[in-house]
Amino acid sequence: MFMDTRAQAGRLLGTFGEKERSGMLKTLGCGLLALAAVFLPGVFGWESFADLDGGAKASLGIMVFAAALWVSEAMPAFAVALLVIGLQIAILGQPGGVWAAEGDTKAWTTFVEPWASPTMWLFLGGFVLAHGCSKTQLDKWLAGMVLGRFATSPAKLVASVMGITFLFSMFMSNTATAAMMIAVTAPVLAGLPKESRIGKGLVLAVAAGANLGGIGTIIGTPPNAIAAGQLAGQIDFVKWMMIALPPALVLAAGVYFLIWNLYIRGEKVEAIQVDSTVDGGGREMRHRLTVMLLFAVTVAMWMGESLTGIPSSVVSFIPIVGLAVSGVIGAKDMRVLPWDVLLLLAGGLSLGVGVEVTGLAEWIASHVPGNLGSVSIAVVFGLLGLFLSNLMSNTAAAALLIPLGSSLATGGGSTLVVVVIAISCSAAMALPISTPPNAIAYGTERLGAKDFLMPALLVAVGMIFTLPWLLLFF
């Protein structure tokens with residue numbers, strides 16, 4: 001028994017060591033790629049590259065290094081974001097270094113300011129509000145109550161599941177939404193055979209609804225927040241919804257009809273039961289009502305920003321403060337918020353700042369052909385965002401592409417490019433690993449990897465047809 005335990009420990013240590021070695025080798029390779037991007041153009045005599053000063057070249061190296069780390073997954077995505085900030089402070093923010101002026105001891109703060117930006121507080125407010133809904137089971141209760149009314153047929157059930165998932169994902173983490181909806185529909189799935197087409201359609205509807213719903217609001221998904229940060233107040237909460245929600249709804253409707261045609265049409269079940277029971281004690285009910293009130297007030301003020309003049313990021317303090325002082329959110333709850341997502345978001349915004357202030361963005365823009373208009377740039381970067389986000393974190397892809405895309409266009413064209421990139425990164429869902437909702441759906445063992453391809457292809461094609469709608473705003 002002792003020997004078996006040692007053998008098992010040895011195997012575990014061997015696996016751990018292998019992962020560590022792989023990560024180190026990938027990191028080394030990414031570092032060499034970044035050094036090549038900085039030094040090889042000069043070695044080969046690229047005259048245009050000589051126009052870059054030391055700060056811009058360093059920023060280029062950091063950007064290439066971060067992109068390679070994110071794509072290769074040599075380390076967690078949030079760790080790459082922290083590394084980006086650290087490298088910018090150490091290389092660009094050092095007084096008398098490659099970017100900061102001699103004696104400027106505050107230059108480094110340029111790269112940490114995004115952590116306290118309005119975008120970060122807006123997203124934190126969304127996280128706190130979502131956690132309040134989850135902790136008090138308000139989300140489960142509302143979902144169960146609504147689904148119970150529409151669970152009279154497979155087609156209505158799948159439509160209501162996808163609709164509720166889409167709606168919650170507009171204001172909550174799509175990961176939390178997908179997990180919650182899978183739990184709510186678990187009794188239905190338990191009554192269906194593993195090979196049931198209805199079961200497949202139901203689970204796929206959860207994944208698609210969670211992925212697409214986040215497109216509709218600034219707080220719905222991190223790429224939207226990165227886009228809002230890049231645009232620096234040009235688009236408020238309501239305007240984003242006006243721009244992005246209609247395409248998201250059209251894409252979701254298209255995916256629903258695909259699911260209905262592939263998995264639901266012609267299928268029948270005898271009875272459908274939806275569980276909406278939650279803890280009903282006095283304290284739980286009081287907290288649930290508190291969350292419901294604060295949720296309604298917050299969303300109303302987000303949507304009424306143009307009337308009240310109160311920025312969305314300031315409104316976010318309503319749930320942050322209200323849920324804390326009312327006791328709904330405690331110290332333990334604050335610790336379990338997805339801080340890794342916020343760190344990743346801060347790193348992405350900081351990377352964009354570095355690209356901008358060092359002049360790298362302007363240099364890249366100067367090399368774009370003059371006949372390549374904003375629409376062409378938006379299409380190219382949108383397709384690139386779709387491709388990369390299927391292979392890596394959509395937040396990381398947006399953090400990489402949004403500053404670059406923004407630098408290649410001017411005026412309203414720049415806004416168009418940024419919005420298209422954000423939406424494209426959020427719409428990528430071709431693989432089980434593409435998004436957390438896909439992974440959750442795949443984990444039910446109801447779907448195979450190929451089941452994600454058709455909806456993803458439909459969304460990718462649909463993105464092209466949403467471009468005329470976006471052009472109406474820019």
# chains A, B, ... in the order shown; residues from 1 in each chain; ligands from 1
$ select_by_dssp --residues "segment 328-387 of chain A" --states "helix (DSSP H, G or I)" --output "PyMOL selection string"
chain A and resi 331-335+339-357+360-366+374-387
$ residues_around --residues "Gly413 of chain A" --least-positions-apart "5" --cutoff "8 Å" --atoms "only C-alpha atoms" --output "PyMOL selection string"
chain A and resi 374-375+474
$ closest_atom_pairs --of "segment 285-341 of chain A" --to "segment 208-224 of chain A" --cutoff "12 Å" --atoms "only C-alpha atoms" --output "Markdown table"
| residue | atom | partner | partner_atom | distance |
| --- | --- | --- | --- | --- |
| A:Val299 | CA | A:Thr217 | CA | 10.7 |
| A:Trp302 | CA | A:Thr217 | CA | 10.1 |
| A:Met303 | CA | A:Thr217 | CA | 10.2 |
| A:Ser312 | CA | A:Ile218 | CA | 9.6 |
| A:Ser313 | CA | A:Ile219 | CA | 10.2 |
| A:Ser316 | CA | A:Ile219 | CA | 10.3 |
| A:Pro338 | CA | A:Pro222 | CA | 11.7 |
| A:Asp340 | CA | A:Pro222 | CA | 11.5 |
| A:Val341 | CA | A:Pro222 | CA | 7.7 |
$ closest_atom_pairs --of "segment 214-254 of chain A" --to "segment 181-205 of chain A" --cutoff "12 Å" --atoms "only C-alpha atoms" --output "Markdown table"
| residue | atom | partner | partner_atom | distance |
| --- | --- | --- | --- | --- |
| A:Ala252 | CA | A:Ala205 | CA | 9.1 |
| A:Ala253 | CA | A:Ala205 | CA | 10.6 |
| A:Gly254 | CA | A:Ala205 | CA | 11.4 |
$ closest_residue --among "A:Pro437, A:Met292, A:Ala155, A:Leu87" --to "Trp141 of chain A" --atoms "only C-alpha atoms"
A:Met292
$ closest_residue --among "A:Gly97, A:Gly54, A:Pro436, A:Gly347" --to "Val80 of chain A" --atoms "only C-alpha atoms"
A:Gly347
$ residues_around --residues "Ser366 of chain A" --least-positions-apart "5" --cutoff "10 Å" --atoms "only C-alpha atoms" --output "PyMOL selection string"
chain A and resi 48+360-361+407-408
$ write_last_selection --atoms "N, CA, C and O atoms" --output "PDB file, in the first residue's frame"
ATOM      1  N   SER A  48      11.801  51.639 -42.537  1.00  0.00           N
ATOM      2  CA  SER A  48      10.661  52.183 -41.805  1.00  0.00           C
ATOM      3  C   SER A  48      10.748  51.858 -40.319  1.00  0.00           C
ATOM      4  O   SER A  48      10.312  52.643 -39.475  1.00  0.00           O
ATOM      5  N   LEU A 360       3.483  53.468 -30.978  1.00  0.00           N
ATOM      6  CA  LEU A 360       3.446  52.251 -31.796  1.00  0.00           C
ATOM      7  C   LEU A 360       2.179  52.182 -32.632  1.00  0.00           C
ATOM      8  O   LEU A 360       2.214  51.779 -33.806  1.00  0.00           O
ATOM      9  N   ALA A 361       1.065  52.575 -32.045  1.00  0.00           N
ATOM     10  CA  ALA A 361      -0.207  52.537 -32.774  1.00  0.00           C
ATOM     11  C   ALA A 361      -0.158  53.435 -34.006  1.00  0.00           C
ATOM     12  O   ALA A 361      -0.603  53.054 -35.099  1.00  0.00           O
ATOM     13  N   SER A 407      -6.081  51.753 -34.026  1.00  0.00           N
ATOM     14  CA  SER A 407      -5.011  52.601 -34.552  1.00  0.00           C
ATOM     15  C   SER A 407      -5.009  52.668 -36.072  1.00  0.00           C
ATOM     16  O   SER A 407      -4.392  53.565 -36.649  1.00  0.00           O
ATOM     17  N   LEU A 408      -5.684  51.725 -36.713  1.00  0.00           N
ATOM     18  CA  LEU A 408      -5.652  51.666 -38.173  1.00  0.00           C
ATOM     19  C   LEU A 408      -6.747  52.480 -38.839  1.00  0.00           C
ATOM     20  O   LEU A 408      -6.754  52.641 -40.051  1.00  0.00           O
TER      21      LEU A 408
END
$ closest_residue --among "A:Ile164, A:Ala90, A:Leu349, A:Gly385" --to "Leu231 of chain A" --atoms "only C-alpha atoms"
A:Leu349
$ closest_atom_pairs --of "segment 224-334 of chain A" --to "segment 167-172 of chain A" --cutoff "10 Å" --atoms "only C-alpha atoms" --output "JSON lines"
{"residue": "A:Met241", "atom": "CA", "partner": "A:Met170", "partner_atom": "CA", "distance": 9.8}
{"residue": "A:Leu245", "atom": "CA", "partner": "A:Met170", "partner_atom": "CA", "distance": 9.4}
{"residue": "A:Phe295", "atom": "CA", "partner": "A:Phe171", "partner_atom": "CA", "distance": 9.6}
{"residue": "A:Val299", "atom": "CA", "partner": "A:Phe171", "partner_atom": "CA", "distance": 8.8}
$ closest_atom_pairs --of "segment 324-437 of chain A" --to "segment 466-470 of chain A" --cutoff "10 Å" --atoms "only C-alpha atoms" --output "Markdown table"
| residue | atom | partner | partner_atom | distance |
| --- | --- | --- | --- | --- |
| A:Val375 | CA | A:Leu467 | CA | 8.5 |
| A:Ala378 | CA | A:Leu467 | CA | 9.0 |
| A:Val379 | CA | A:Leu467 | CA | 8.5 |
| A:Leu416 | CA | A:Leu470 | CA | 7.2 |
| A:Val417 | CA | A:Leu470 | CA | 10.0 |
| A:Val419 | CA | A:Leu470 | CA | 8.6 |
| A:Val420 | CA | A:Leu467 | CA | 8.1 |
$ residues_around --residues "Asp139 of chain A" --least-positions-apart "3" --cutoff "9 Å" --atoms "only C-alpha atoms" --output "count of residues only"
11
$ atom_distance --atom1 "atom CA of Leu92 of chain A" --atom2 "atom CA of Ala58 of chain A"
7.4 Å
$ residues_around --residues "segment 49-52 of chain A" --least-positions-apart "4" --cutoff "9 Å" --atoms "only C-alpha atoms" --output "list in words"
Pro41, Gly42, Gly45, Ala56, Lys57, Gly359, Leu360 and Trp363 of chain A
$ residues_around --residues "Gly352 of chain A" --least-positions-apart "4" --cutoff "10 Å" --atoms "only C-alpha atoms" --output "PyMOL selection string"
chain A and resi 59+63+111+114+226+229-230+346-348+356-357+361+399-404+406-407
$ closest_residue --among "A:Ser117, A:Leu258, A:Ala409, A:Leu124" --to "Val459 of chain A" --atoms "only C-alpha atoms"
A:Leu258
